[in-house]
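Below is coords.txt, holding compact mmCIF, C-alpha atoms.
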```
# COMPACT_ATOMS: atom_id res chain seq x y z
CA MET Q 19 71.22 302.08 71.10
CA ALA Q 20 71.27 298.88 73.10
CA LYS Q 21 69.89 295.82 71.36
CA GLY Q 22 67.88 294.98 74.47
CA LYS Q 23 65.68 298.08 74.49
CA PRO Q 24 62.44 297.45 72.58
CA VAL Q 25 61.44 299.85 69.81
CA SER Q 26 58.69 300.11 67.27
CA VAL Q 27 59.79 300.76 63.70
CA PHE Q 28 57.87 303.07 61.41
CA TRP Q 29 58.69 302.29 57.78
CA PHE Q 30 58.38 305.34 55.53
CA ARG Q 31 57.45 304.55 51.91
CA ARG Q 32 54.89 306.65 50.01
CA ASP Q 33 54.16 308.84 53.01
CA LEU Q 34 57.17 311.12 53.38
CA ARG Q 35 55.83 313.50 56.02
CA ILE Q 36 55.44 313.54 59.78
CA ASP Q 37 52.08 315.21 60.31
CA ASP Q 38 48.76 313.61 59.36
CA ASN Q 39 50.44 310.28 58.65
CA ALA Q 40 48.17 307.40 59.67
CA GLY Q 41 50.74 304.66 60.26
CA LEU Q 42 53.15 306.96 62.04
CA TYR Q 43 50.32 308.20 64.25
CA HIS Q 44 49.49 304.66 65.37
CA ALA Q 45 53.16 303.91 65.95
CA LEU Q 46 53.61 307.01 68.10
CA LYS Q 47 50.53 306.06 70.11
CA GLY Q 48 51.96 302.61 70.80
CA GLU Q 49 53.93 301.31 73.78
CA ASN Q 50 57.51 301.76 72.55
CA PRO Q 51 59.73 304.55 71.22
CA VAL Q 52 59.44 304.84 67.45
CA LEU Q 53 62.44 304.43 65.14
CA PRO Q 54 61.78 305.94 61.66
CA VAL Q 55 63.24 303.92 58.77
CA PHE Q 56 63.41 304.42 55.02
CA ILE Q 57 64.77 301.85 52.55
CA PHE Q 58 66.06 302.70 49.08
CA ASP Q 59 64.78 299.51 47.47
CA ARG Q 60 67.15 297.97 44.92
CA GLU Q 61 64.27 296.01 43.41
CA ILE Q 62 62.71 299.31 42.37
CA LEU Q 63 65.89 301.28 41.69
CA ASP Q 64 67.31 298.61 39.37
CA GLN Q 65 64.27 299.02 37.10
CA LEU Q 66 65.05 302.70 36.47
CA GLY Q 67 66.83 303.35 33.19
CA ASP Q 68 68.20 306.84 33.92
CA LYS Q 69 70.92 307.44 36.49
CA ASP Q 70 69.67 310.99 36.90
CA ASP Q 71 66.08 309.86 37.48
CA ALA Q 72 64.47 312.93 38.99
CA ARG Q 73 62.20 310.97 41.30
CA VAL Q 74 65.20 309.49 43.10
CA THR Q 75 66.60 313.00 43.55
CA PHE Q 76 63.22 314.16 44.87
CA ILE Q 77 63.03 311.28 47.35
CA HIS Q 78 66.60 311.93 48.49
CA GLN Q 79 65.91 315.64 49.00
CA THR Q 80 62.66 314.88 50.81
CA ILE Q 81 64.30 312.31 53.11
CA THR Q 82 67.00 314.90 53.88
CA GLU Q 83 64.32 317.44 54.82
CA LEU Q 84 62.42 314.80 56.79
CA GLY Q 85 65.58 314.03 58.72
CA GLU Q 86 66.09 317.71 59.51
CA GLU Q 87 62.54 317.92 60.84
CA LEU Q 88 63.07 314.83 62.99
CA HIS Q 89 66.28 316.35 64.37
CA LYS Q 90 64.17 319.09 65.95
CA TYR Q 91 62.57 316.37 68.08
CA GLY Q 92 65.88 314.73 68.98
CA SER Q 93 65.35 311.89 66.53
CA SER Q 94 66.51 310.86 63.06
CA VAL Q 95 65.57 308.63 60.15
CA LEU Q 96 67.62 305.50 59.54
CA VAL Q 97 68.12 305.18 55.79
CA LEU Q 98 69.08 301.80 54.35
CA HIS Q 99 69.92 300.80 50.78
CA GLY Q 100 69.54 297.34 49.30
CA ARG Q 101 67.05 294.52 48.89
CA VAL Q 102 64.18 295.06 51.27
CA GLU Q 103 64.32 291.62 52.90
CA GLY Q 104 68.06 292.02 53.48
CA ALA Q 105 67.50 295.44 55.01
CA TRP Q 106 64.97 293.97 57.44
CA GLN Q 107 67.32 291.11 58.33
CA SER Q 108 69.89 293.77 59.24
CA LEU Q 109 67.37 295.72 61.32
CA LEU Q 110 66.36 292.57 63.20
CA LYS Q 111 69.98 291.91 64.13
CA GLN Q 112 70.60 295.49 65.23
CA TYR Q 113 67.41 296.32 67.14
CA ASN Q 114 64.99 294.70 69.53
CA ILE Q 115 61.92 295.35 67.37
CA ALA Q 116 58.63 294.98 69.21
CA ALA Q 117 56.35 296.01 66.34
CA VAL Q 118 56.48 297.42 62.81
CA TYR Q 119 54.11 300.08 61.47
CA THR Q 120 53.65 301.33 57.93
CA ASN Q 121 50.93 302.41 55.49
CA HIS Q 122 49.21 300.28 52.85
CA ASP Q 123 50.60 300.19 49.33
CA TYR Q 124 48.40 298.79 46.59
CA GLU Q 125 50.66 298.16 43.60
CA PRO Q 126 51.36 294.52 42.65
CA TYR Q 127 55.06 294.55 43.58
CA ALA Q 128 54.36 296.39 46.85
CA LYS Q 129 51.75 293.81 47.86
CA GLU Q 130 54.21 290.95 47.25
CA ARG Q 131 56.98 292.80 49.11
CA ASP Q 132 54.77 293.48 52.11
CA GLU Q 133 53.58 289.86 52.26
CA ALA Q 134 57.21 288.72 52.32
CA ILE Q 135 58.14 291.16 55.09
CA ALA Q 136 55.05 290.26 57.10
CA SER Q 137 56.09 286.59 56.92
CA LEU Q 138 59.65 287.42 57.95
CA LEU Q 139 58.46 289.44 60.94
CA LYS Q 140 55.90 286.80 61.92
CA ALA Q 141 58.73 284.29 62.18
CA HIS Q 142 60.17 286.58 64.87
CA ASP Q 143 56.76 287.10 66.53
CA ILE Q 144 56.73 290.75 65.46
CA PRO Q 145 53.39 292.25 64.38
CA PHE Q 146 53.29 294.07 61.03
CA ASN Q 147 50.66 296.82 61.29
CA THR Q 148 49.60 298.66 58.14
CA TYR Q 149 47.09 301.47 57.71
CA LYS Q 150 45.17 303.36 55.05
CA ASP Q 151 46.90 306.66 54.32
CA GLN Q 152 47.25 307.52 50.63
CA VAL Q 153 43.53 307.45 49.79
CA ILE Q 154 40.25 308.49 51.39
CA PHE Q 155 38.59 305.19 50.45
CA GLU Q 156 40.42 302.00 49.55
CA LYS Q 157 39.96 298.42 48.40
CA ASP Q 158 36.45 297.40 49.46
CA GLU Q 159 35.25 300.64 51.05
CA VAL Q 160 33.38 301.84 47.96
CA ILE Q 161 31.71 298.83 46.38
CA LYS Q 162 28.43 297.87 44.75
CA ASP Q 163 25.49 296.69 46.81
CA ASP Q 164 26.31 293.10 45.85
CA GLY Q 165 29.80 293.46 47.33
CA LYS Q 166 31.61 293.52 43.98
CA PRO Q 167 33.97 296.33 42.94
CA TYR Q 168 32.76 299.04 40.60
CA THR Q 169 34.19 298.90 37.10
CA VAL Q 170 32.64 302.15 35.84
CA TYR Q 171 33.69 305.50 37.25
CA THR Q 172 30.36 307.40 37.41
CA PRO Q 173 28.52 305.07 39.85
CA TYR Q 174 31.77 304.70 41.84
CA ASN Q 175 31.96 308.49 42.09
CA ARG Q 176 28.34 308.67 43.23
CA LYS Q 177 28.86 306.06 45.97
CA TRP Q 178 32.13 307.76 47.00
CA TYR Q 179 30.28 310.99 47.72
CA GLN Q 180 27.49 309.14 49.52
CA LYS Q 181 30.02 307.55 51.84
CA LEU Q 182 32.00 310.71 52.56
CA THR Q 183 31.61 312.22 56.04
CA PRO Q 184 33.89 314.61 57.97
CA PHE Q 185 35.28 311.60 59.84
CA TYR Q 186 37.18 310.43 56.73
CA LEU Q 187 38.83 313.83 56.24
CA LYS Q 188 40.01 314.28 59.81
CA ALA Q 189 43.76 314.81 60.18
CA TYR Q 190 45.90 312.61 62.42
CA PRO Q 191 47.47 314.92 65.08
CA ASN Q 192 50.94 313.40 64.96
CA LYS Q 193 52.73 316.48 66.28
CA LYS Q 194 51.14 315.85 69.69
CA TYR Q 195 53.07 312.62 70.05
CA VAL Q 196 56.50 313.30 68.56
CA LYS Q 197 57.96 312.99 72.06
CA ASN Q 198 57.57 309.24 71.51
CA LEU Q 199 60.14 309.17 68.72
CA VAL Q 200 63.38 307.35 69.47
CA LYS Q 201 65.99 309.77 70.81
CA THR Q 202 69.13 309.20 68.80
CA ASP Q 203 72.14 310.82 67.17
CA ILE Q 204 71.75 311.78 63.52
CA PHE Q 205 71.99 308.76 61.25
CA PRO Q 206 74.20 309.29 58.18
CA LEU Q 207 72.26 309.57 54.91
CA PRO Q 208 73.83 307.82 51.90
CA ASP Q 209 74.37 310.24 49.04
CA LEU Q 210 72.97 309.69 45.56
CA MET Q 211 76.22 308.26 44.21
CA GLN Q 212 76.27 305.63 46.96
CA ILE Q 213 72.92 304.32 45.75
CA GLY Q 214 74.00 304.44 42.10
CA PHE Q 215 72.38 307.67 40.93
CA GLU Q 216 73.21 311.25 39.97
CA LYS Q 217 71.48 314.49 40.89
CA SER Q 218 68.74 315.53 38.48
CA ASN Q 219 68.57 319.12 37.28
CA LEU Q 220 64.79 319.14 36.96
CA ASP Q 221 62.76 321.54 39.07
CA PHE Q 222 60.17 320.16 41.48
CA PRO Q 223 56.80 321.90 41.89
CA ALA Q 224 56.06 323.51 45.24
CA ILE Q 225 52.98 322.64 47.27
CA ASN Q 226 50.91 325.72 46.42
CA TYR Q 227 47.72 324.15 45.16
CA LYS Q 228 45.33 326.29 47.21
CA GLU Q 229 45.82 329.36 45.06
CA LEU Q 230 44.87 327.43 41.91
CA ILE Q 231 41.79 325.55 43.10
CA PRO Q 232 39.20 328.39 42.92
CA ALA Q 233 39.55 328.73 39.13
CA TYR Q 234 40.48 325.11 38.45
CA SER Q 235 37.33 324.09 36.58
CA GLU Q 236 37.68 327.06 34.18
CA THR Q 237 41.43 326.83 33.56
CA ARG Q 238 42.40 323.16 33.80
CA ASP Q 239 42.01 322.28 30.11
CA PHE Q 240 44.27 325.01 28.71
CA PRO Q 241 47.93 323.99 28.74
CA ALA Q 242 49.28 327.51 28.18
CA THR Q 243 47.59 328.63 31.41
CA LYS Q 244 48.88 327.89 34.89
CA GLY Q 245 45.59 326.24 35.74
CA THR Q 246 46.53 322.88 37.28
CA THR Q 247 48.04 322.27 40.70
CA HIS Q 248 51.01 319.98 39.84
CA ILE Q 249 50.23 318.18 43.09
CA GLY Q 250 50.68 314.70 41.58
CA LEU Q 251 54.35 314.38 42.55
CA HIS Q 252 53.56 315.21 46.17
CA LEU Q 253 50.61 312.82 46.23
CA ARG Q 254 52.80 310.08 44.74
CA PHE Q 255 55.36 310.30 47.51
CA GLY Q 256 53.09 311.43 50.30
CA THR Q 257 54.67 314.81 50.98
CA VAL Q 258 51.10 316.07 51.28
CA SER Q 259 48.13 314.36 52.89
CA ILE Q 260 45.19 313.27 50.72
CA ARG Q 261 42.90 314.23 53.61
CA GLU Q 262 44.23 317.78 53.52
CA LEU Q 263 43.64 317.98 49.77
CA ALA Q 264 40.08 316.68 50.01
CA ARG Q 265 39.29 319.04 52.89
CA THR Q 266 40.60 321.96 50.84
CA ALA Q 267 38.49 320.96 47.84
CA ASN Q 268 35.44 320.92 50.11
CA THR Q 269 36.35 324.31 51.55
CA PHE Q 270 36.37 325.82 48.06
CA ASN Q 271 33.42 323.66 46.97
CA GLU Q 272 35.57 322.66 43.99
CA LYS Q 273 34.11 319.33 42.91
CA THR Q 274 35.93 319.27 39.58
CA TRP Q 275 39.27 319.09 41.38
CA LEU Q 276 37.99 316.64 43.99
CA ASN Q 277 36.70 314.44 41.15
CA GLU Q 278 40.27 314.18 39.86
CA LEU Q 279 41.30 312.82 43.27
CA ILE Q 280 38.40 310.39 43.08
CA TRP Q 281 39.57 309.22 39.63
CA ARG Q 282 42.91 308.42 41.27
CA GLU Q 283 41.20 306.31 43.93
CA PHE Q 284 39.02 304.60 41.33
CA TYR Q 285 42.09 303.53 39.35
CA MET Q 286 43.83 302.36 42.54
CA MET Q 287 40.79 300.26 43.38
CA ILE Q 288 40.76 298.82 39.84
CA LEU Q 289 44.45 297.89 40.01
CA TYR Q 290 44.01 296.34 43.45
CA HIS Q 291 41.08 294.14 42.39
CA PHE Q 292 42.33 293.49 38.84
CA PRO Q 293 46.15 293.37 39.13
CA ARG Q 294 46.48 291.87 35.65
CA THR Q 295 45.53 295.29 34.26
CA ALA Q 296 49.05 296.49 35.06
CA ASP Q 297 50.02 295.08 31.65
CA GLN Q 298 46.82 293.65 30.16
CA ALA Q 299 43.70 295.39 28.90
CA PHE Q 300 40.86 295.61 31.40
CA ARG Q 301 38.63 294.38 28.58
CA PRO Q 302 40.47 291.23 27.42
CA GLU Q 303 39.18 291.48 23.85
CA TYR Q 304 41.37 294.57 23.40
CA ASP Q 305 44.45 292.37 23.76
CA ASN Q 306 43.51 290.98 20.31
CA ILE Q 307 44.35 294.25 18.56
CA LYS Q 308 47.00 293.86 15.86
CA TRP Q 309 49.27 296.78 16.70
CA VAL Q 310 51.52 298.15 13.96
CA ASN Q 311 54.29 299.07 16.42
CA ASN Q 312 56.42 301.05 13.97
CA GLU Q 313 59.63 301.71 15.91
CA SER Q 314 60.71 304.78 13.93
CA GLN Q 315 57.29 306.38 14.47
CA PHE Q 316 57.51 305.55 18.17
CA ALA Q 317 60.93 307.21 18.33
CA ALA Q 318 59.52 310.32 16.62
CA TRP Q 319 56.67 310.36 19.16
CA CYS Q 320 59.15 310.09 22.03
CA ARG Q 321 61.25 312.99 20.68
CA GLY Q 322 58.25 315.19 19.92
CA GLU Q 323 58.85 315.18 16.16
CA THR Q 324 55.59 313.79 14.77
CA GLY Q 325 54.57 316.85 12.76
CA PHE Q 326 51.51 317.30 14.98
CA PRO Q 327 52.34 320.38 17.06
CA LEU Q 328 50.22 319.68 20.15
CA VAL Q 329 51.53 316.13 20.39
CA ASP Q 330 55.10 317.36 19.92
CA ALA Q 331 54.70 320.16 22.46
CA GLY Q 332 53.45 317.70 25.05
CA MET Q 333 56.26 315.22 24.51
CA ARG Q 334 58.90 317.95 24.62
CA GLU Q 335 57.40 319.33 27.82
CA LEU Q 336 57.55 315.84 29.30
CA ASN Q 337 61.15 315.26 28.23
CA ALA Q 338 62.31 318.65 29.50
CA THR Q 339 60.38 318.90 32.78
CA GLY Q 340 59.03 315.49 33.81
CA TYR Q 341 55.51 316.90 33.55
CA MET Q 342 52.80 317.02 30.89
CA HIS Q 343 49.50 318.84 31.06
CA ASN Q 344 46.60 316.43 31.64
CA ARG Q 345 44.60 317.47 28.55
CA VAL Q 346 47.72 317.01 26.44
CA ARG Q 347 48.38 313.59 28.01
CA MET Q 348 45.06 312.42 26.58
CA VAL Q 349 45.92 313.79 23.14
CA VAL Q 350 49.39 312.25 22.92
CA ALA Q 351 48.13 308.91 24.28
CA SER Q 352 45.27 308.80 21.78
CA PHE Q 353 47.67 309.72 18.98
CA LEU Q 354 50.10 306.91 19.85
CA SER Q 355 47.52 304.18 20.34
CA LYS Q 356 44.89 305.21 17.79
CA ASP Q 357 46.67 307.17 15.02
CA LEU Q 358 49.94 305.24 15.05
CA LEU Q 359 48.45 301.94 16.28
CA ILE Q 360 51.33 301.49 18.69
CA ASP Q 361 50.67 299.31 21.73
CA TRP Q 362 49.56 301.49 24.65
CA ARG Q 363 52.04 299.63 26.88
CA TRP Q 364 54.92 301.22 24.96
CA GLY Q 365 53.57 304.65 25.83
CA GLU Q 366 52.77 303.67 29.41
CA ARG Q 367 56.37 302.53 29.92
CA TYR Q 368 57.72 305.75 28.44
CA PHE Q 369 55.54 307.81 30.76
CA ALA Q 370 56.65 305.59 33.65
CA ARG Q 371 60.23 306.48 32.84
CA LYS Q 372 59.70 310.21 32.44
CA LEU Q 373 56.81 311.41 34.63
CA LEU Q 374 57.68 312.92 38.00
CA ASP Q 375 54.17 312.11 39.19
CA TYR Q 376 54.15 308.57 37.79
CA GLU Q 377 51.72 306.39 39.68
CA MET Q 378 51.06 302.97 38.21
CA ALA Q 379 47.29 302.84 38.77
CA SER Q 380 46.56 306.27 37.28
CA ASN Q 381 49.04 305.91 34.45
CA VAL Q 382 47.80 302.47 33.40
CA GLY Q 383 44.20 303.59 33.82
CA GLY Q 384 44.75 306.72 31.74
CA TRP Q 385 46.51 304.85 28.96
CA GLN Q 386 43.84 302.16 28.82
CA TRP Q 387 41.18 304.89 28.72
CA SER Q 388 42.94 306.45 25.74
CA ALA Q 389 43.57 303.14 23.95
CA GLY Q 390 40.00 301.98 24.50
CA GLY Q 391 40.54 298.82 26.53
CA GLY Q 392 39.88 300.40 29.91
CA THR Q 393 36.86 300.65 32.14
CA ASP Q 394 34.65 303.12 30.27
CA ALA Q 395 31.67 301.99 28.26
CA ALA Q 396 31.99 303.17 24.62
CA PRO Q 397 35.67 303.62 24.11
CA TYR Q 398 37.13 302.76 20.74
CA PHE Q 399 35.17 305.29 18.67
CA ARG Q 400 36.80 308.11 20.64
CA ILE Q 401 39.78 309.24 18.56
CA PHE Q 402 41.12 312.70 19.28
CA ASN Q 403 41.79 314.92 16.28
CA PRO Q 404 45.06 316.69 17.24
CA ASP Q 405 44.26 319.74 15.08
CA SER Q 406 40.79 320.17 16.61
CA GLN Q 407 42.32 319.92 20.07
CA VAL Q 408 44.66 322.80 19.22
CA LYS Q 409 41.72 324.98 18.15
CA LYS Q 410 39.83 324.20 21.35
CA PHE Q 411 42.56 324.32 23.95
CA ASP Q 412 45.52 326.27 22.52
CA PRO Q 413 43.87 328.61 19.99
CA ASP Q 414 46.58 331.28 20.30
CA LEU Q 415 49.32 328.64 20.01
CA LYS Q 416 50.99 329.90 23.20
CA TYR Q 417 51.71 326.40 24.48
CA ILE Q 418 52.86 325.17 21.08
CA LYS Q 419 55.13 328.20 20.50
CA LYS Q 420 56.76 327.63 23.89
CA TRP Q 421 57.69 324.01 23.24
CA VAL Q 422 57.81 323.88 19.42
CA PRO Q 423 59.34 327.24 18.46
CA GLU Q 424 60.16 326.06 14.92
CA TYR Q 425 56.46 325.48 14.21
CA ALA Q 426 56.25 329.00 12.75
CA ASP Q 427 58.81 328.05 10.09
CA PHE Q 428 57.40 325.29 7.91
CA SER Q 429 60.82 324.64 6.41
CA LYS Q 430 62.13 323.56 9.83
CA TYR Q 431 59.12 321.80 11.31
CA PRO Q 432 58.75 318.13 10.32
CA GLN Q 433 55.95 316.97 8.05
CA PRO Q 434 53.24 314.84 9.76
CA ILE Q 435 54.40 311.24 10.06
CA ILE Q 436 50.87 310.04 9.27
CA ASP Q 437 47.66 311.37 7.77
CA HIS Q 438 45.07 311.66 10.54
CA ALA Q 439 42.06 310.82 8.32
CA PHE Q 440 43.79 307.66 7.06
CA ALA Q 441 44.88 306.80 10.62
CA ARG Q 442 41.35 307.21 11.97
CA ASP Q 443 39.84 304.90 9.35
CA ARG Q 444 42.59 302.34 9.87
CA CYS Q 445 42.11 302.41 13.62
CA LEU Q 446 38.37 301.84 13.40
CA LYS Q 447 38.90 298.93 11.03
CA VAL Q 448 41.65 297.27 13.09
CA PHE Q 449 39.79 297.67 16.37
CA LYS Q 450 36.55 296.38 14.89
CA GLU Q 451 38.29 293.30 13.50
CA ALA Q 452 39.94 292.61 16.86
CA LEU Q 453 36.74 293.01 18.84
CA ASN Q 454 34.76 290.79 16.48
CA SER Q 455 37.34 288.03 16.30
```

Starting from the coordinates I provided, produce the structure as structure tokens.
Amino acid sequence: MAKGKPVSVFWFRRDLRIDDNAGLYHALKGENPVLPVFIFDREILDQLGDKDDARVTFIHQTITELGEELHKYGSSVLVLHGRVEGAWQSLLKQYNIAAVYTNHDYEPYAKERDEAIASLLKAHDIPFNTYKDQVIFEKDEVIKDDGKPYTVYTPYNRKWYQKLTPFYLKAYPNKKYVKNLVKTDIFPLPDLMQIGFEKSNLDFPAINYKELIPAYSETRDFPATKGTTHIGLHLRFGTVSIRELARTANTFNEKTWLNELIWREFYMMILYHFPRTADQAFRPEYDNIKWVNNESQFAAWCRGETGFPLVDAGMRELNATGYMHNRVRMVVASFLSKDLLIDWRWGERYFARKLLDYEMASNVGGWQWSAGGGTDAAPYFRIFNPDSQVKKFDPDLKYIKKWVPEYADFSKYPQPIIDHAFARDRCLKVFKEALNS
């Protein structure tokens, strides 16, 4: 393609689909042909500890499929690998870029990255246009009457519903405008080895959430039942539209499931307005807790060898599949932070390494909720009893037997690494001392 022919660039990030993609829609409606670009960001990749990180495999597979879809329209996706600013310097040399389009990203690193790229483009008189795509409501769209952000979920949820109209759920009709994509030969896609990774053997969940929504509120708390949608991975990387999911929830009148999507937006709003919460407690007094941080107990927790079968089943499921049932996530997080008195950040980092659906805002928010330093009102007295949770949510031990088969043989299953009654009393004492200091 001649350098002199102006193009608009659409930068794919957490929005790996063509249809109902806000930024891509606005790019396609613009004046110039649209060149799709994706950048494997070294800044992010270098933080990953596992060369077979399944999320990189998923992104690579999805970009491959995205490219095949673009080929049908005579276009392709240009995939770069390196530092983002260097990638954009290369694009500026190669193409006559008239405008850049992308979708908002709200995580602290992403905000810094986008500010840097916006400055770079501004120096070349190129507009950097970003749009809301991964949430229904963002930043300051759901706020208190005094203009301040909500810090408690329930009133946020109430205002979210008050604000919702069909307008916010309307899909962007991108397929109408695909003729405005740049016509080009197929760009070569670097393989995983070229970007420093290996193919993961984990399975990725399909997008089949609609069949699970009708019974979601009855089945979602039971880990042995296929009662949750496993849609988190697809939400994380934008292979499905949040507007489509919310419309579907409305169609089924399934508020329990829609409320989970609202929790996600609440935590994104919290992280956006309070970026320090990425690694500090929302309630600063909780950073005074004197954690025990026993490394051998942490290692046992990571392996799923704590002697508490529901905790162990959850950790083994996570290690084997990259997924953990949401009810079990709460139990294992409470166990680590409350029973073992291990800093919630240790657990958050481990989940960040292992979860296919890892999303910083939700993961940090969930861990702070479990540890007590998050946004809810009466937190530190809530200490899950792992045995009671088994009786409530896995009474037939189906989930435990699947992931901890040796549980039936007491000679093979490890003894509990801590006494829960002792741990509960210790936790209450340590937290009380920290909060009163």

Closest of Q:Thr339, Q:Arg334, Q:Leu187, Q:Arg301 to Q:Thr269, counting all atoms listed in the file, is Q:Leu187

Using all atoms listed in the file, which of the listed residues (Q:Trp29, Q:Tyr186, Q:Phe402, Q:Phe411) sits closest to Q:Ala264?
->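 For Q:Ala264, the nearest of the candidates is Q:Tyr186.
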
Atom CA of Q:Lys308 to atom CA of Q:Leu453, straight-line distance in Å = 10.7 Å

Using all atoms listed in the file, which residues sit within 6 Å of stretch 226-241 of chain Q once same-chain residues fewer than 6 positions away are excluded, as an MDAnalysis selection string?
-> chainID Q and resid 247 274 343 345 411

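With all atoms listed in the file as the atoms that count, the minimum distance from Q:Leu374 to the choices Q:Ala242, Q:Ala128, Q:Ala317, Q:Val74 is reached by Q:Val74.
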
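Put simply, atom CA of Q:Ile36 is 20.3 Å away from atom CA of Q:Phe185.
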
Would you be able to write out as a PyMOL selection string which residues have an atom within 7 Å of (52.4, 308.5, 51.7) in the file's coordinates, counting only C-alpha atoms?
-> chain Q and resi 31-34+151-152+255-257

For Q:Trp362: contacts at 9 Å, all atoms listed in the file, fewer than 6 positions along chain excluded, given as a list in words |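 Contacts, with the query itself left out: Ala351, Ser352, Leu354, Ser355, Val382, Trp385, Gln386, Ser388 and Ala389 of chain Q.
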
re atom CA of Q:His438 and atom CA of Q:Ser406: distance 11.3 Å

Which of these, Q:Glu61, Q:Asp221, Q:Asp37, Q:Glu130, has the shortest distance to Q:Pro293 once you count all atoms listed in the file?
->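 Looking only at the distances to Q:Pro293, the closest residue turns out to be Q:Glu130.
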
Q:Val160 proximity check over Q:Asp357, Q:Glu103, Q:Glu83, Q:Glu283, using only C-alpha atoms: winner is Q:Glu283

Restrict the calculation to all atoms listed in the file, then for each residue of stretch 79-151 of chain Q with any atom at most 12 Å from an atom of stretch 208-217 of chain Q give the closest atom pair and their distance in Å to one decimal, rows by chain and rising residue number, as a tab-separated table.
```
residue	atom	partner	partner_atom	distance
Q:Gln79	CA	Q:Leu210	CA	9.9
Q:Ile81	CA	Q:Pro208	CA	10.6
Q:Thr82	CA	Q:Asp209	CA	10.0
Q:Val95	CA	Q:Pro208	CA	11.7
Q:Leu96	CA	Q:Pro208	CA	10.1
Q:Val97	CA	Q:Pro208	CA	7.4
Q:Leu98	CA	Q:Pro208	CA	8.1
Q:His99	CA	Q:Ile213	CA	6.8
Q:Gly100	CA	Q:Ile213	CA	8.5
Q:Arg101	CA	Q:Ile213	CA	11.8
```

Compile a residue-level contact table for stretch 117-136 of chain Q against stretch 42-47 of chain Q at a cut-off of 8 Å, reporting for every qualifying residue the shortest atom pair and its distance in Å to one decimal, with only C-alpha atoms counted, rows ordered by chain and ascending number, as a tab-separated table.
```
residue	atom	partner	partner_atom	distance
Q:Val118	CA	Q:Ala45	CA	7.9
Q:Tyr119	CA	Q:Ala45	CA	6.0
Q:Thr120	CA	Q:Leu42	CA	7.0
```

Selection from above, C-alpha atoms, as a compact mmCIF listing (two decimals), in the coordinates of the input, can you write it?
```
# COMPACT_ATOMS: atom_id res chain seq x y z
CA VAL Q 118 56.48 297.42 62.81
CA TYR Q 119 54.11 300.08 61.47
CA THR Q 120 53.65 301.33 57.93
```

Nearest to Q:Ile115, chosen from Q:Leu84, Q:Ile144, Q:Ala72, Q:Ile204, with all atoms listed in the file counted in the distances =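 That would be Q:Ile144, the residue with the smallest distance to Q:Ile115.
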
Can you tell me, as number ranges by chain, what residues are no more than 10 Å from Q:Glu451 when counting only C-alpha atoms, ignoring any on the same chain fewer than 5 positions away?
-> Q: 306-308, 445-446

Next, write the just-selected residues to a file, as a PDB file, in the coordinates of the input, keeping C-alpha atoms as the atom set.
```
ATOM      1  CA  ASN Q 306      43.510 290.980  20.310  1.00  0.00           C
ATOM      2  CA  ILE Q 307      44.350 294.250  18.560  1.00  0.00           C
ATOM      3  CA  LYS Q 308      47.000 293.860  15.860  1.00  0.00           C
ATOM      4  CA  CYS Q 445      42.110 302.410  13.620  1.00  0.00           C
ATOM      5  CA  LEU Q 446      38.370 301.840  13.400  1.00  0.00           C
TER       6      LEU Q 446
END
```

Counting all atoms listed in the file, what is within 12 Å of stretch 277-282 of chain Q, bar same-chain residues fewer than 3 positions away, as a PyMOL selection string?
-> chain Q and resi 152-156+160+169-179+182+231+234-235+238+246-247+249-250+253-254+259-268+271-274+285-289+344+376-384+387+393

Counting all atoms listed in the file, what is within 7 Å of Q:Asp38, bar same-chain residues fewer than 4 positions away, as a PyMOL selection string?
-> chain Q and resi 189-192+259

Would you save the residues from that selection as a PDB file, keeping the file's coordinate frame, using C-alpha atoms?
```pdb
ATOM      1  CA  ALA Q 189      43.760 314.810  60.180  1.00  0.00           C
ATOM      2  CA  TYR Q 190      45.900 312.610  62.420  1.00  0.00           C
ATOM      3  CA  PRO Q 191      47.470 314.920  65.080  1.00  0.00           C
ATOM      4  CA  ASN Q 192      50.940 313.400  64.960  1.00  0.00           C
ATOM      5  CA  SER Q 259      48.130 314.360  52.890  1.00  0.00           C
TER       6      SER Q 259
END
```

Could stretch 363-367 of chain Q be completed with N, CA, C and O atoms and written as an mmCIF file, in the coordinates of the input, please?
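Okay, this is what ended up in selection_26.cif:
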```cif
data_model
loop_
_atom_site.group_PDB
_atom_site.id
_atom_site.type_symbol
_atom_site.label_atom_id
_atom_site.label_comp_id
_atom_site.auth_asym_id
_atom_site.auth_seq_id
_atom_site.Cartn_x
_atom_site.Cartn_y
_atom_site.Cartn_z
ATOM 1 N N ARG Q 363 51.040 299.971 25.860
ATOM 2 C CA ARG Q 363 52.040 299.630 26.880
ATOM 3 C C ARG Q 363 53.385 300.284 26.588
ATOM 4 O O ARG Q 363 54.141 300.577 27.512
ATOM 5 N N TRP Q 364 53.684 300.520 25.301
ATOM 6 C CA TRP Q 364 54.920 301.220 24.960
ATOM 7 C C TRP Q 364 54.862 302.647 25.524
ATOM 8 O O TRP Q 364 55.838 303.145 26.106
ATOM 9 N N GLY Q 365 53.728 303.289 25.324
ATOM 10 C CA GLY Q 365 53.570 304.650 25.830
ATOM 11 C C GLY Q 365 53.531 304.687 27.343
ATOM 12 O O GLY Q 365 54.106 305.580 27.975
ATOM 13 N N GLU Q 366 52.854 303.721 27.950
ATOM 14 C CA GLU Q 366 52.770 303.670 29.410
ATOM 15 C C GLU Q 366 54.158 303.531 30.009
ATOM 16 O O GLU Q 366 54.485 304.193 30.998
ATOM 17 N N ARG Q 367 55.002 302.707 29.404
ATOM 18 C CA ARG Q 367 56.370 302.530 29.920
ATOM 19 C C ARG Q 367 57.188 303.798 29.755
ATOM 20 O O ARG Q 367 58.022 304.127 30.607
#
```
